[in-house]
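See structure below.
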Amino acid sequence: MRAVEEVRRRPFLIVAAPAAAGIVVADALSNPIPAFFAAAACALLACLLLRNSSGPRLVFGWALIGLAAGLARGEWSEYRPRHDIVHLDRDVQARIVGQVLEAPLAGSFPLEIETIEIGEKPANWTGRVRVRLYGSEVALTGGERVAVTGRLR
């Protein structure tokens, strides 16, 4: 009875705990295909369980939805190409040429990388970086092609 009262007081616990477990399981799998099928199977089984149900079936159905969401979120957040800039694991001085994605807000703006030079040598990194401005503001509206030099962290 105590467990029922705890669930009644904290209903999102039914979804949150399996979602966290799904993220952990997705991180442990080296191949994303099983996680995708597991998430789809959990969601389908949850839909079948939630039809005209109450009590334990309802709780189990919502737990499966949480697990499916965790599996899907874990896989989605991990997918980045090997040459994406997020995999650069050291502080380096770089010169980046790219396109400003939106106007600077509070001294920073996102930049889509076109070319990058690290140590005066071309590098094969792609992705987006957030450029922080130290000093005077610049008049950018988004869409401009700019070259910036600075430290990547």
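By order of appearance in the structure tokens: chains A, B, ..., then residues from 1 within every chain, and ligands from 1 in the order shown.
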
Exercise. Tell me, which residues of chain A carry DSSP strand (DSSP E), written as a PyMOL selection string?
Worked result: chain A and resi 92-100+108-118+121-123+128-132+145-152

Quick one: contact table of region 79-101 of chain A to region 106-113 of chain A, 8 Å max, nearest atom pair and distance in Å to one decimal per residue, counting only C-alpha atoms, chain and number order, as a tab-separated table?
residue	atom	partner	partner_atom	distance
A:Ile96	CA	A:Ile113	CA	6.6
A:Val97	CA	A:Ile113	CA	6.3
A:Gly98	CA	A:Ile113	CA	4.6
A:Gln99	CA	A:Glu112	CA	5.2
A:Val100	CA	A:Leu111	CA	4.7
A:Leu101	CA	A:Pro110	CA	5.6

Problem set entry | Those of chain A in DSSP alpha helix (DSSP H), formatted as a ChimeraX atom specification | /A:2-9,13-28,32-50,56-78

Problem set entry | Nearby residues (only C-alpha atoms) at most 10 Å from Val15 (chain A), same-chain spacing under 3 positions excluded, as a ChimeraX atom specification | /A:11-12,18-20,59-70

For this session: For Pro81 (chain A), please output as an MDAnalysis selection string all residues within 12 Å (counting only C-alpha atoms; exclusion window: fewer than 5 positions along the same chain).
Result: chainID A and resid 86:88 124:127

Identify, on the basis of only C-alpha atoms, every residue whose closest approach to Phe36 (chain A) does not exceed 9 Å; exclude the query and any residue fewer than 5 positions from it along the same chain; express the result as a CSV table (one decimal) with N, CA, C and O atoms, in the first residue's frame.
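Output (part_21.csv):
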chain,number,residue,atom,x,y,z
A,41,ALA,N,9.4,-1.4,-30.0
A,41,ALA,CA,8.7,-2.5,-29.4
A,41,ALA,C,8.1,-2.0,-28.0
A,41,ALA,O,6.9,-2.4,-27.7
A,68,ALA,N,11.0,3.5,-23.5
A,68,ALA,CA,11.1,3.8,-24.9
A,68,ALA,C,11.7,5.2,-25.2
A,68,ALA,O,12.5,5.4,-26.0
A,71,LEU,N,15.4,5.1,-24.3
A,71,LEU,CA,16.2,4.5,-25.4
A,71,LEU,C,16.4,5.4,-26.6
A,71,LEU,O,17.4,5.5,-27.2
A,72,ALA,N,15.3,6.0,-27.0
A,72,ALA,CA,15.3,6.9,-28.2
A,72,ALA,C,16.2,8.1,-27.9
A,72,ALA,O,17.0,8.5,-28.7
A,75,GLU,N,20.0,7.2,-27.8
A,75,GLU,CA,20.6,7.0,-29.1
A,75,GLU,C,20.6,8.3,-29.9
A,75,GLU,O,21.6,8.6,-30.6

Exercise. With only C-alpha atoms as the basis for distance, which of A:Val131, A:Ala46, A:Ile85, A:Ala103 is at the shortest distance from Thr115 (chain A)?
Worked result: A:Ile85

Problem set entry | Residue among A:Arg145, A:Arg153, A:Arg57, A:Arg73 lying closest to Glu114 (chain A), counting only C-alpha atoms | A:Arg145

For this session: Record the distance separating CA of Gln93 (chain A) and CA of Gly135 (chain A), expressed in Å with one decimal.
Result: 18.5 Å
